[in-house]
Structures are given as C-alpha cells and as structure tokens.
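This is run30.cif. It holds mmCIF, C-alpha atoms.
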```cif
data_entry
loop_
_atom_site.label_atom_id
_atom_site.label_comp_id
_atom_site.auth_asym_id
_atom_site.auth_seq_id
_atom_site.Cartn_x
_atom_site.Cartn_y
_atom_site.Cartn_z
CA MET A 1 8.98 15.05 -3.81
CA ASN A 2 6.46 12.25 -4.33
CA LEU A 3 3.15 12.85 -6.06
CA THR A 4 0.30 10.53 -6.99
CA LEU A 5 -1.25 11.69 -10.24
CA HIS A 6 -4.96 10.99 -10.64
CA LEU A 7 -4.78 10.97 -14.42
CA THR A 8 -8.50 10.43 -14.74
CA ASP A 9 -11.56 10.01 -12.56
CA ASN A 10 -12.93 7.54 -15.07
CA CYS A 11 -12.74 3.76 -14.76
CA ASN A 12 -13.77 0.83 -16.93
CA MET A 13 -14.65 -1.24 -13.88
CA ASP A 14 -17.35 -0.99 -11.26
CA CYS A 15 -16.03 -2.54 -8.06
CA SER A 16 -18.56 -2.97 -5.30
CA TYR A 17 -16.32 -1.57 -2.55
CA CYS A 18 -15.06 1.40 -4.55
CA ILE A 19 -15.97 4.71 -2.96
CA ARG A 20 -14.60 6.94 -5.68
CA GLU A 21 -17.17 8.74 -7.77
CA LYS A 22 -16.57 7.99 -11.42
CA CYS A 23 -16.71 10.87 -13.86
CA PRO A 24 -15.22 11.53 -17.26
CA LYS A 25 -12.72 14.05 -15.96
CA ASP A 26 -9.16 13.63 -17.19
CA MET A 27 -5.96 15.47 -16.39
CA THR A 28 -4.92 17.96 -19.04
CA GLU A 29 -1.39 17.91 -20.47
CA GLU A 30 -0.79 21.29 -18.88
CA VAL A 31 -1.59 19.94 -15.40
CA LEU A 32 0.43 16.80 -16.10
CA TYR A 33 3.61 18.66 -17.00
CA LYS A 34 3.19 21.13 -14.13
CA ALA A 35 2.79 18.23 -11.71
CA CYS A 36 5.90 16.51 -13.06
CA ASP A 37 7.88 19.75 -12.74
CA LEU A 38 6.62 20.16 -9.19
CA ALA A 39 7.87 16.67 -8.31
CA PHE A 40 11.32 17.75 -9.51
CA SER A 41 11.17 21.14 -7.85
CA LYS A 42 12.17 20.13 -4.33
CA GLY A 43 13.91 17.34 -2.57
CA PRO A 44 16.59 14.84 -3.57
CA ARG A 45 14.34 12.73 -5.82
CA ALA A 46 11.20 12.94 -7.89
CA GLY A 47 8.61 10.21 -7.45
CA ILE A 48 5.45 9.85 -9.49
CA CYS A 49 2.70 7.30 -8.96
CA PHE A 50 0.20 6.98 -11.80
CA PHE A 51 -3.27 6.46 -10.43
CA GLY A 52 -6.90 7.06 -11.25
CA GLY A 53 -9.72 6.08 -11.78
CA GLU A 54 -7.98 3.66 -14.03
CA PRO A 55 -4.72 5.28 -15.17
CA LEU A 56 -4.33 3.14 -18.30
CA ILE A 57 -7.40 4.81 -19.78
CA ARG A 58 -4.95 7.67 -20.32
CA LYS A 59 -1.88 5.70 -21.40
CA ASP A 60 -0.97 8.63 -23.64
CA LEU A 61 -0.50 10.84 -20.59
CA ILE A 62 1.71 8.25 -18.94
CA TYR A 63 3.96 8.06 -22.01
CA LYS A 64 4.20 11.86 -22.06
CA ALA A 65 4.97 12.04 -18.34
CA LEU A 66 7.68 9.38 -18.63
CA ASP A 67 9.36 11.15 -21.55
CA HIS A 68 9.18 14.48 -19.74
CA CYS A 69 10.47 13.18 -16.41
CA GLU A 70 13.27 11.11 -17.89
CA LYS A 71 14.48 14.16 -19.83
CA LYS A 72 14.19 16.29 -16.70
CA SER A 73 16.11 13.70 -14.71
CA GLU A 74 18.93 13.76 -17.25
CA GLU A 75 19.06 17.55 -17.22
CA THR A 76 18.96 17.98 -13.45
CA GLY A 77 20.64 14.82 -12.22
CA ILE A 78 17.67 14.29 -9.89
CA ARG A 79 16.66 10.66 -9.57
CA PHE A 80 13.24 9.80 -10.99
CA ASP A 81 11.16 6.87 -9.72
CA CYS A 82 7.73 5.86 -10.90
CA LYS A 83 5.06 3.33 -10.15
CA MET A 84 1.45 2.66 -11.03
CA THR A 85 -1.60 1.05 -9.53
CA THR A 86 -3.87 -0.42 -12.20
CA ASN A 87 -6.75 -2.85 -12.61
CA GLY A 88 -4.71 -4.37 -15.43
CA THR A 89 -7.46 -4.80 -17.99
CA LEU A 90 -5.84 -2.39 -20.44
CA LEU A 91 -2.27 -3.62 -20.08
CA ASP A 92 -0.53 -4.53 -23.30
CA GLU A 93 2.94 -5.56 -24.39
CA GLU A 94 3.87 -2.13 -25.73
CA PHE A 95 2.99 -0.41 -22.47
CA ILE A 96 4.74 -2.97 -20.31
CA GLU A 97 7.91 -2.69 -22.40
CA ARG A 98 7.89 1.09 -21.95
CA ALA A 99 7.25 0.62 -18.22
CA VAL A 100 10.19 -1.78 -17.96
CA ARG A 101 12.44 0.79 -19.64
CA ALA A 102 11.26 3.38 -17.10
CA LYS A 103 11.85 0.89 -14.27
CA MET A 104 8.25 1.43 -13.27
CA GLY A 105 6.87 -0.61 -10.41
CA ILE A 106 3.42 -1.92 -11.23
CA GLY A 107 0.87 -2.91 -8.63
CA LEU A 108 -1.96 -4.92 -10.14
CA SER A 109 -5.25 -4.63 -8.28
CA PHE A 110 -6.33 -8.26 -8.39
CA ASP A 111 -8.47 -10.00 -5.80
CA GLY A 112 -7.48 -13.49 -6.90
CA LYS A 113 -10.25 -16.05 -6.54
CA ALA A 114 -12.55 -13.33 -5.24
CA GLN A 115 -12.08 -11.18 -8.32
CA ASP A 116 -15.55 -11.68 -9.78
CA VAL A 117 -17.28 -11.24 -6.44
CA CYS A 118 -16.49 -7.54 -6.25
CA ARG A 119 -14.42 -6.49 -9.24
CA ILE A 120 -16.57 -6.42 -12.33
CA PHE A 121 -16.54 -4.43 -15.55
CA ALA A 122 -18.82 -1.43 -15.81
CA GLY A 123 -21.87 -3.14 -17.26
CA GLY A 124 -21.53 -6.17 -15.03
CA ASN A 125 -19.30 -8.62 -16.87
CA PRO A 126 -16.73 -10.58 -14.86
CA THR A 127 -13.08 -9.55 -15.09
CA SER A 128 -11.19 -12.55 -13.75
CA GLU A 129 -10.32 -14.19 -17.07
CA VAL A 130 -9.07 -10.95 -18.60
CA VAL A 131 -7.05 -9.97 -15.55
CA GLU A 132 -5.53 -13.43 -15.17
CA GLU A 133 -4.23 -13.24 -18.75
CA LYS A 134 -2.92 -9.71 -18.18
CA ALA A 135 -1.28 -10.82 -14.95
CA LYS A 136 0.61 -13.54 -16.81
CA LEU A 137 1.72 -11.02 -19.42
CA LEU A 138 2.83 -8.60 -16.72
CA LEU A 139 4.77 -11.25 -14.80
CA LYS A 140 6.50 -12.39 -17.99
CA HIS A 141 8.08 -8.94 -18.28
CA MET A 142 8.06 -7.90 -14.63
CA PRO A 143 8.45 -10.89 -12.33
CA ASP A 144 8.60 -8.58 -9.31
CA ALA A 145 5.24 -6.95 -10.00
CA SER A 146 2.86 -6.84 -7.05
CA ALA A 147 -0.70 -8.08 -6.74
CA LEU A 148 -2.84 -5.84 -4.57
CA ALA A 149 -5.92 -7.60 -3.23
CA THR A 150 -8.76 -6.03 -1.32
CA ILE A 151 -10.91 -8.37 0.71
CA ALA A 152 -14.52 -7.35 1.17
CA PRO A 153 -16.81 -9.16 3.63
CA GLN A 154 -18.75 -10.94 0.87
CA ALA A 155 -15.46 -12.41 -0.43
CA VAL A 156 -13.71 -13.07 2.86
CA SER A 157 -13.94 -16.85 2.51
CA TYR A 158 -11.71 -16.61 -0.59
CA TYR A 159 -8.82 -14.96 1.28
CA ALA A 160 -6.46 -17.92 1.80
CA GLU A 161 -7.39 -19.52 -1.51
CA SER A 162 -6.59 -16.24 -3.27
CA VAL A 163 -3.17 -16.00 -1.65
CA GLU A 164 -2.33 -19.46 -2.93
CA TYR A 165 -3.78 -18.77 -6.37
CA LEU A 166 -1.81 -15.54 -6.80
CA HIS A 167 1.35 -17.25 -5.62
CA ASP A 168 0.82 -20.09 -8.07
CA LEU A 169 0.22 -17.58 -10.83
CA GLY A 170 3.74 -16.31 -10.19
CA PHE A 171 3.36 -13.31 -7.93
CA ARG A 172 6.03 -13.08 -5.26
CA ASN A 173 4.85 -9.77 -3.85
CA LEU A 174 1.32 -9.68 -2.51
CA SER A 175 -0.60 -7.12 -0.56
CA PHE A 176 -3.88 -8.09 1.10
CA VAL A 177 -5.95 -5.42 2.78
CA ILE A 178 -9.52 -5.51 3.97
CA ALA A 179 -12.05 -3.22 2.37
CA TYR A 180 -13.08 -0.22 4.38
CA GLY A 181 -15.60 2.52 3.83
CA ARG A 182 -19.27 3.13 3.50
CA LYS A 183 -19.86 0.46 0.87
CA VAL A 184 -18.88 -2.49 3.01
CA ASN A 185 -20.48 -3.87 6.12
CA TRP A 186 -18.36 -6.27 8.16
CA THR A 187 -20.25 -8.37 10.69
CA ASP A 188 -18.99 -10.40 13.65
CA ASP A 189 -19.56 -13.56 11.61
CA ASP A 190 -17.37 -12.19 8.82
CA MET A 191 -14.63 -11.52 11.35
CA VAL A 192 -14.76 -15.14 12.51
CA ILE A 193 -14.24 -16.25 8.92
CA LEU A 194 -11.48 -13.68 8.47
CA ARG A 195 -9.67 -15.12 11.49
CA GLU A 196 -9.87 -18.63 10.00
CA GLU A 197 -8.63 -17.37 6.64
CA LEU A 198 -5.70 -15.61 8.30
CA LYS A 199 -4.80 -18.84 10.08
CA LYS A 200 -4.90 -20.76 6.79
CA THR A 201 -2.80 -18.06 5.12
CA CYS A 202 -0.22 -18.14 7.90
CA ALA A 203 -0.04 -21.94 7.56
CA TYR A 204 0.61 -21.50 3.84
CA VAL A 205 3.31 -18.90 4.49
CA LYS A 206 4.91 -21.34 6.91
CA GLU A 207 4.87 -24.02 4.23
CA LEU A 208 6.58 -21.67 1.77
CA PHE A 209 9.13 -20.71 4.41
CA ILE A 210 9.97 -24.37 5.02
CA ARG A 211 10.31 -24.88 1.27
CA GLY A 212 12.73 -21.95 1.18
CA GLU A 213 10.61 -19.91 -1.20
CA LYS A 214 11.07 -16.18 -1.46
CA PHE A 215 7.65 -14.70 -0.99
CA TYR A 216 6.36 -11.45 0.46
CA ILE A 217 2.82 -10.91 1.65
CA GLY A 218 1.75 -7.72 3.32
CA PRO A 219 0.47 -7.15 5.92
CA ILE A 220 1.78 -10.39 7.46
CA TYR A 221 5.44 -9.80 6.71
CA THR A 222 5.14 -6.15 7.61
CA LYS A 223 3.70 -6.91 11.03
CA ILE A 224 6.52 -9.33 11.83
CA SER A 225 9.38 -7.29 10.41
CA GLU A 226 8.23 -4.07 12.01
CA CYS A 227 7.97 -5.80 15.37
CA ILE A 228 11.54 -7.02 14.99
CA ARG A 229 12.75 -3.59 13.99
CA ASP A 230 10.72 -1.98 16.77
CA LYS A 231 9.25 0.33 14.19
CA ASN A 232 6.29 2.39 15.24
CA THR A 233 3.61 1.46 12.74
CA ALA A 234 1.31 4.05 14.22
CA GLU A 235 3.58 6.80 12.95
CA ARG A 236 3.63 5.64 9.40
CA CYS A 237 0.70 7.29 7.68
CA HIS A 238 0.59 10.87 8.78
CA LEU A 239 -2.07 11.72 6.26
CA GLY A 240 0.10 10.78 3.32
CA LEU A 241 2.13 13.96 3.26
CA ARG A 242 5.01 12.11 1.68
CA GLN A 243 2.95 10.94 -1.28
CA MET A 244 0.42 13.62 -2.05
CA PRO A 245 -2.35 13.09 -4.60
CA VAL A 246 -2.86 15.52 -7.48
CA THR A 247 -6.40 15.65 -8.86
CA PRO A 248 -7.10 15.87 -12.62
CA ASP A 249 -7.55 19.63 -12.26
CA GLY A 250 -4.21 19.97 -10.46
CA ARG A 251 -5.25 20.38 -6.83
CA ILE A 252 -3.11 18.80 -4.16
CA TYR A 253 -4.34 17.11 -0.97
CA PRO A 254 -2.71 15.09 1.80
CA CYS A 255 -4.27 11.70 1.00
CA THR A 256 -6.85 10.14 -1.28
CA SER A 257 -9.73 10.22 1.16
CA PHE A 258 -9.27 13.96 1.72
CA ILE A 259 -9.73 14.85 -1.93
CA GLY A 260 -12.43 17.47 -2.29
CA ASP A 261 -12.24 18.63 1.33
CA GLU A 262 -11.21 22.26 1.08
CA ASP A 263 -9.97 22.27 4.69
CA TYR A 264 -7.20 19.95 3.55
CA LEU A 265 -6.36 21.59 0.25
CA LEU A 266 -2.58 21.99 0.21
CA GLY A 267 -2.27 23.94 -3.02
CA ASP A 268 -2.15 23.22 -6.73
CA VAL A 269 0.38 22.47 -9.42
CA PHE A 270 0.22 26.03 -10.76
CA ASN A 271 0.87 27.91 -7.55
CA GLY A 272 2.75 25.29 -5.57
CA ILE A 273 2.17 23.92 -2.11
CA ASN A 274 1.09 25.96 0.87
CA LYS A 275 3.98 25.33 3.25
CA GLU A 276 2.09 26.58 6.30
CA LYS A 277 -0.71 24.13 5.62
CA VAL A 278 1.70 21.22 5.28
CA PHE A 279 3.43 22.31 8.45
CA GLU A 280 0.11 22.52 10.28
CA ILE A 281 -0.96 19.03 9.16
CA SER A 282 2.44 17.48 9.83
CA LYS A 283 2.19 18.58 13.46
CA LYS A 284 -1.24 17.08 14.07
CA GLU A 285 -1.58 14.49 16.80
CA SER A 286 -2.14 11.15 15.15
CA THR A 287 -2.96 8.68 17.92
CA PRO A 288 -6.72 8.29 18.51
CA GLU A 289 -7.78 8.89 22.10
CA THR A 290 -9.20 5.37 22.44
CA CYS A 291 -5.80 3.90 21.59
CA ILE A 292 -3.72 5.76 24.14
CA GLY A 293 -2.77 3.24 26.80
CA CYS A 294 -3.23 0.22 24.54
CA ASP A 295 -0.13 -1.98 24.51
CA LEU A 296 -0.46 -2.42 20.75
CA VAL A 297 -0.52 1.28 20.04
CA LYS A 298 2.82 1.15 18.26
CA ARG A 299 2.00 -1.95 16.27
CA CYS A 300 -1.32 -1.13 14.68
CA THR A 301 -2.51 1.26 12.02
CA ASN A 302 -4.74 3.25 14.35
CA SER A 303 -3.21 6.48 13.14
CA CYS A 304 -3.98 5.97 9.46
CA GLY A 305 -6.02 9.12 8.97
CA CYS A 306 -7.20 7.88 5.59
CA ALA A 307 -8.70 4.65 6.96
CA ASN A 308 -10.08 6.37 10.05
CA ARG A 309 -11.79 8.97 7.95
CA MET A 310 -13.34 6.34 5.71
CA ASN A 311 -14.56 4.27 8.64
CA THR A 312 -15.60 6.89 11.16
CA GLY A 313 -15.62 10.17 9.27
CA ASP A 314 -12.90 11.47 11.60
CA GLU A 315 -9.19 11.06 10.91
CA ASN A 316 -8.49 10.77 14.65
CA LYS A 317 -11.13 8.16 15.48
CA VAL A 318 -10.40 4.51 14.97
CA SER A 319 -13.30 2.18 14.16
CA PRO A 320 -14.23 -1.01 16.04
CA LEU A 321 -13.64 -2.86 12.75
CA GLN A 322 -10.07 -1.69 12.46
CA CYS A 323 -9.32 -2.32 16.12
CA THR A 324 -10.73 -5.85 15.93
CA TYR A 325 -8.88 -6.59 12.69
CA GLU A 326 -5.57 -5.23 13.92
CA ARG A 327 -5.70 -7.21 17.17
CA MET A 328 -6.49 -10.36 15.22
CA LEU A 329 -3.78 -9.73 12.66
CA ILE A 330 -1.07 -9.02 15.22
CA GLU A 331 -1.99 -12.15 17.18
CA GLU A 332 -1.88 -14.42 14.12
CA CYS A 333 1.30 -12.82 12.78
CA ASP A 334 3.07 -13.19 16.11
CA ALA A 335 2.08 -16.86 16.30
CA LEU A 336 3.48 -17.34 12.81
CA GLY A 337 6.62 -15.39 13.71
CA GLU A 338 7.26 -17.64 16.72
CA ASP A 339 6.79 -20.74 14.59
CA LEU A 340 9.13 -19.62 11.83
CA TYR A 341 11.75 -18.45 14.28
CA GLN A 342 11.75 -21.84 15.97
CA ILE A 343 12.03 -23.65 12.65
CA ASN A 344 15.08 -21.74 11.43
CA PRO A 345 16.28 -18.63 13.30
CA GLN A 346 18.96 -17.76 10.80
CA ARG A 347 16.67 -17.94 7.80
CA PHE A 348 14.01 -16.10 9.76
CA ALA A 349 16.49 -13.29 10.33
CA GLU A 350 17.36 -13.21 6.65
CA VAL A 351 13.73 -13.02 5.59
CA PHE A 352 12.40 -10.57 8.15
CA LYS A 353 15.35 -8.45 9.13
CA MET B 354 -16.74 -5.76 17.21
CA ASN B 355 -15.42 -3.29 19.72
CA ILE B 356 -12.51 -1.07 20.53
CA LYS B 357 -10.58 -2.92 23.17
CA PRO B 358 -7.26 -1.55 24.36
CA LEU B 359 -4.94 -4.47 25.05
CA LYS B 360 -3.07 -4.75 28.33
CA GLU B 361 -0.27 -7.02 29.49
CA TYR B 362 1.00 -7.60 25.99
CA SER B 363 4.62 -8.63 25.84
CA LYS B 364 6.92 -8.47 22.88
CA PRO B 365 7.04 -11.83 21.08
CA LEU B 366 10.09 -14.00 21.61
CA TYR B 367 11.00 -14.00 17.93
CA ALA B 368 11.52 -10.23 18.08
CA ILE B 369 13.71 -10.56 21.15
CA GLY B 370 15.62 -13.59 19.96
CA ILE B 371 16.37 -12.26 16.53
CA ALA B 372 19.06 -9.93 17.84
CA SER B 373 21.27 -12.94 18.43
CA ALA B 374 20.45 -14.38 15.00
CA LEU B 375 21.38 -11.10 13.37
CA THR B 376 24.64 -11.11 15.28
CA ALA B 377 25.30 -14.60 13.98
CA LEU B 378 24.69 -13.41 10.45
CA ALA B 379 27.06 -10.51 10.98
CA LEU B 380 29.73 -12.88 12.26
CA THR B 381 29.45 -15.07 9.20
CA GLY B 382 29.93 -11.95 7.14
CA CYS B 383 27.05 -12.82 4.82
CA THR B 384 24.89 -9.81 5.50
CA ASP B 385 25.36 -6.34 6.79
CA PRO B 386 23.43 -6.32 10.07
CA ASN B 387 22.72 -2.65 9.58
CA ASP B 388 21.07 -3.23 6.24
CA LYS B 389 17.40 -2.77 7.05
CA GLY B 390 16.22 -3.81 3.63
CA ASP B 391 12.96 -2.60 2.18
CA LYS B 392 10.57 -5.15 0.81
CA GLU B 393 7.39 -3.32 1.52
CA VAL B 394 4.83 -2.62 -1.10
CA ASP B 395 3.87 1.00 -1.12
CA TYR B 396 1.68 1.52 -4.13
CA ALA B 397 -0.98 4.14 -3.82
CA GLY B 398 -3.76 2.13 -2.32
CA GLY B 399 -6.42 4.74 -2.83
CA LEU B 400 -9.64 2.89 -2.57
CA ALA B 401 -7.96 -0.27 -1.48
CA ILE B 402 -6.44 1.57 1.47
CA CYS B 403 -2.75 1.75 1.87
CA ALA B 404 -2.97 1.47 5.64
CA GLU B 405 -0.75 -1.56 5.86
CA GLU B 406 1.27 -0.93 2.81
CA THR B 407 2.86 2.46 2.85
CA SER B 408 6.49 2.28 3.79
CA GLU B 409 6.32 5.79 5.12
CA THR B 410 7.55 6.73 8.51
CA LYS B 411 6.29 9.72 10.37
CA PRO B 412 7.69 12.73 8.62
CA THR B 413 9.33 15.03 11.06
CA ILE B 414 9.62 18.62 10.07
CA ASN B 415 13.23 17.93 9.10
CA THR B 416 12.43 15.02 6.83
CA LEU B 417 9.61 16.94 5.21
CA GLU B 418 12.05 19.73 4.59
CA LEU B 419 14.56 17.33 3.10
CA GLU B 420 11.95 15.87 0.80
CA GLY B 421 10.93 19.28 -0.36
CA MET B 422 7.53 19.49 1.26
CA ILE B 423 8.30 22.53 3.40
#
```
Please rewrite the model in this file as structure tokens.
Amino acid sequence: MNLTLHLTDNCNMDCSYCIREKCPKDMTEEVLYKACDLAFSKGPRAGICFFGGEPLIRKDLIYKALDHCEKKSEETGIRFDCKMTTNGTLLDEEFIERAVRAKMGIGLSFDGKAQDVCRIFAGGNPTSEVVEEKAKLLLKHMPDASALATIAPQAVSYYAESVEYLHDLGFRNLSFVIAYGRKVNWTDDDMVILREELKKTCAYVKELFIRGEKFYIGPIYTKISECIRDKNTAERCHLGLRQMPVTPDGRIYPCTSFIGDEDYLLGDVFNGINKEKVFEISKKESTPETCIGCDLVKRCTNSCGCANRMNTGDENKVSPLQCTYERMLIEECDALGEDLYQINPQRFAEVFK
Amino acid sequence: MNIKPLKEYSKPLYAIGIASALTALALTGCTDPNDKGDKEVDYAGGLAICAEETSETKPTINTLELEGMI
C-alpha cells in the first residue's frame, strides 16, 4: 500500500499560504519502521512518500527507511517505490545520489519567480537564490525531477513568468496549483489576472509544442489528456485513501487536511488500519450537491475532499473559488487543445494520449 | 466568484477527433494505441493541494482490496 510519512512537523521555512502548524515533533525510528512494514504488509507494491514539515530536516530517517525498505523488497519480492516532496533548501549531493540509487522521485516545491513573495525562510530571509542553486543541482542528477508551484493571490501575476523561468531552468515536469485555505483571500480582480496568466501560459505551451519540446505542465496537460481519455476527474481524489498520511506519532488518516480529526482516524502503524472505517469512507458520496447537473461535473476537481474541506470546512461542499477556477481552467485548456490539435493532430495524439 | 453549474457544454473537437489520430498511430505501428501512458505528477501536495495532481482514480472496493487497504 501507499503511505505518506510525515517525518517531522518542523520546517525551516515560513510560507505565507502554509496552513500546517509547525512544531518540533519528529517521527521516531520505531514509528518509521512500523510504517515501512505496514506499507509492505498488503497489496502488490509498497509505496512511500517522504513528507513533512520539511522531510530533509530528518534526512537520517529517510536513509534508514530506504535501507529498510530496499532490504524488505529483496526479501519479499514486493516492489518498492518512493518519492519525496521537499522545499529543497537542504538538498545536497550525497542525498541526491542516494535518492537516485533508490529511484526516488523528487518534487521540489518551488514557486519560480514568485518564490520570495510567499516562500521565505523562518526568520524572513528570501529563499529564491538558495532554491535556484539546489534546483540546478537536483536537475543535474535527476533531469526528470518535478517543480511544484503554488500560486497565491499576491503572486498571481508571476504565474506565466514562473512557468517560463522553471522551464528555462531545466524542469520538464511542472505542477502549478492555486493556493487554497484560510490563509489566502482570492478576489475577483485576482481571478481576472489569473485568467490572463493562464492565457499567457497556454500561449507558451503552444510555442513549446510547435518547437517539438517535451514538456509537461499540470494541470493544463491533465485537463486535456483526461478529456481525451474520458476520465472522470471528479472520481480521482476520494479522500486520498490510496495514499494515506502517517503522522509523526504513527496515526493514519485519509488525507493531509484530515489530520487531527478523530472522526477520520483510520488507525495507526502499531495496530494497523481499521478496515471498516476505510470501507465506510470509500463508500461516501463524493459529488457536491451544487455540482450535480453541471455539464463539467466529470471534468473538475469538485470532489477533492481535501480542497473542499480547506475552502469550505466541508469535504462535500465546493467553494465559489474552486468552481470559478475550474471553469476558467477547463475553458482555457480546451482552447489550447483545439489549437494544438489543429496544428498537428498526430503529434497532439502522441503528447496527450 | 460564484458557483455556476454549466449547461450546454459540448465535448471539445480535439477529444472527438483524436480517436482517428490514435488509429493512424496504430496503423503506423509506432505506438500501442492501448498504452495510456502516465505522465502525471502525483507527489503529496499537502499544503500545496494535490487536487489537480494525484493520478488516483476512484478506488472501488475491489481496487482497495487489491492494494491492501481492506
């Protein structure tokens, strides 16, 4: 099974949109090994995502988990996959080399040109210079590493510029999401700018497509490819039951935003997972009432319980922000899709199939 | 900003037309038309929200069972 290990609740950065409460609580080795064993206990593969806080604050735990899981994989024949989401500031050559040996996928949280608007060190210093250097180091060893950007309203005008910057830096896998939650306040004016930035970004993607460059940017590519494949985006989240977070003290929840809510506690690494609880959650209706009857119901992320909970406090209630953003995104992505298809249908099929 | 259910939306032409392009690819023998590929980023988004980025599909009871959740 897949588990996301919150190795620590501590972080060396202080991002303005971050809703996690920082505290000096780290995972113990006992919890770590139990969690790894649990990942191997059921299912055809074991997947671990190292997460935090900032996971590289506890690099030692990552090394121990990798050694343990690789040994376990050899013994059992069960495939082991791992990945990590990091702010990158503590990356070094030794760690990256170990990560390459483990075939770890690394997602670097990096807001590009907007980095210093929201993502600063605890204490207030900017992080962009440090992270840019670390990004170059990462890409040298892992050219397929991903940049994960979060766009907050105060940085929305940097969206398109950031896409271009991250591409020029060497990233070929980008993920751009907008910031949700109680710490951000999107206005109608911000949404107008966001629309313009999406248009500029789509124009840039078109340029790269014409140049024949291999480049992936979520959510744009996802929206187009899922439309082609007739995939129901609304069914994708389901409260994260397929990638459950494990807290530093070993408790297991469905998704990050449910951590600490005892109604959603699924179990712990010592006693295992409460199957009835998982069963109960997996059966929950996931389409918000306001979305039933909307023609885009299968194309938008209305059912992301995590985002809904952050925006409205209720996993089954979509927010006006998300609805507005999704409509805008689908419209711009479809316009781009039509353009690219007209330019070169065969290449379009190769890229988006 | 408001919640506005959309009506009279029709599937974009690129999504309809691509079936023929995929057939063409299959005929050239370059690519398996059944190969869905998987280029999606699915890192734990946590605070950054993984709404767009998880590659998960709705887990049916059977798939949950297969993956060891039940």
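Atom pair atom CA of A:Cys23 / atom CA of A:Thr86: separated by 17.2 Å.
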Using the chain letters and numbers from the file, give me the residues hit by the PyMOL selection byres ((chain A and resi 169) around 12), as JSON, numbers by chain.
{"A": [110, 112, 113, 131, 132, 133, 134, 135, 136, 137, 138, 139, 140, 143, 145, 146, 147, 162, 163, 164, 165, 166, 167, 168, 170, 171, 172, 173, 174]}
Please list as a ChimeraX atom specification every residue within 12 Å of A:Lys206, counting only C-alpha atoms and excluding residues in the same chain fewer than 2 positions away.
/A:199-204,208-217,220-221,333,335-344,348
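Going from atom CA of A:Gly77 to atom CA of A:Phe279 covers 27.9 Å.
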Spell out the residues picked by the PyMOL selection byres ((chain A and resi 188) around 12) here, as a PyMOL selection string.
(chain A and resi 153+185-187+189-195+320-321+324-325) or (chain B and resi 354-355)
Got time to write the residues from that selection, C-alpha atoms, as a PDB file, keeping the file's coordinate frame?
```
ATOM      1  CA  PRO A 153     -16.810  -9.160   3.630  1.00  0.00           C
ATOM      2  CA  ASN A 185     -20.480  -3.870   6.120  1.00  0.00           C
ATOM      3  CA  TRP A 186     -18.360  -6.270   8.160  1.00  0.00           C
ATOM      4  CA  THR A 187     -20.250  -8.370  10.690  1.00  0.00           C
ATOM      5  CA  ASP A 189     -19.560 -13.560  11.610  1.00  0.00           C
ATOM      6  CA  ASP A 190     -17.370 -12.190   8.820  1.00  0.00           C
ATOM      7  CA  MET A 191     -14.630 -11.520  11.350  1.00  0.00           C
ATOM      8  CA  VAL A 192     -14.760 -15.140  12.510  1.00  0.00           C
ATOM      9  CA  ILE A 193     -14.240 -16.250   8.920  1.00  0.00           C
ATOM     10  CA  LEU A 194     -11.480 -13.680   8.470  1.00  0.00           C
ATOM     11  CA  ARG A 195      -9.670 -15.120  11.490  1.00  0.00           C
ATOM     12  CA  PRO A 320     -14.230  -1.010  16.040  1.00  0.00           C
ATOM     13  CA  LEU A 321     -13.640  -2.860  12.750  1.00  0.00           C
ATOM     14  CA  THR A 324     -10.730  -5.850  15.930  1.00  0.00           C
ATOM     15  CA  TYR A 325      -8.880  -6.590  12.690  1.00  0.00           C
TER      16      TYR A 325
ATOM     17  CA  MET B 354     -16.740  -5.760  17.210  1.00  0.00           C
ATOM     18  CA  ASN B 355     -15.420  -3.290  19.720  1.00  0.00           C
TER      19      ASN B 355
END
```
List, as JSON, numbers by chain, every residue that the PyMOL selection byres ((chain B and resi 365) around 9) selects in the file provided.
{"A": [227, 228, 334, 335, 337, 338], "B": [362, 363, 364, 366, 367, 368, 369, 370]}
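Restricting the calculation to only C-alpha atoms, the smallest distance between A:Val31 and any of A:Lys64, A:Lys59, A:Lys231, A:Lys275 is found for A:Lys64.
Nearest-residue note for chain B: choosing from A:Asp268, A:Glu93, A:Asp261, A:Asp230, the minimum distance belongs to A:Asp230, counting all atoms listed in the file.
The residue that comes closest to A:Cys294, out of A:Ile178, A:Cys323, A:Phe80, A:Ile281 and on the basis of only C-alpha atoms, is A:Cys323.
In this structure, atom CA of A:Thr287 sits 24.4 Å away from atom CA of A:Asn2.
Contact shell of A:Tyr63 at 9 Å (only C-alpha atoms; same-chain neighbours under 4 positions omitted): Lys59, Asp67, His68, Phe95, Arg98 and Ala99 of chain A.
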Is there a way to get, as number ranges by chain, all residues within 8 Å of the point (-1.6, 17.7, -13.6) in file coordinates, counting all atoms listed in the file?
A: 5, 7, 27-36, 246-250, 269
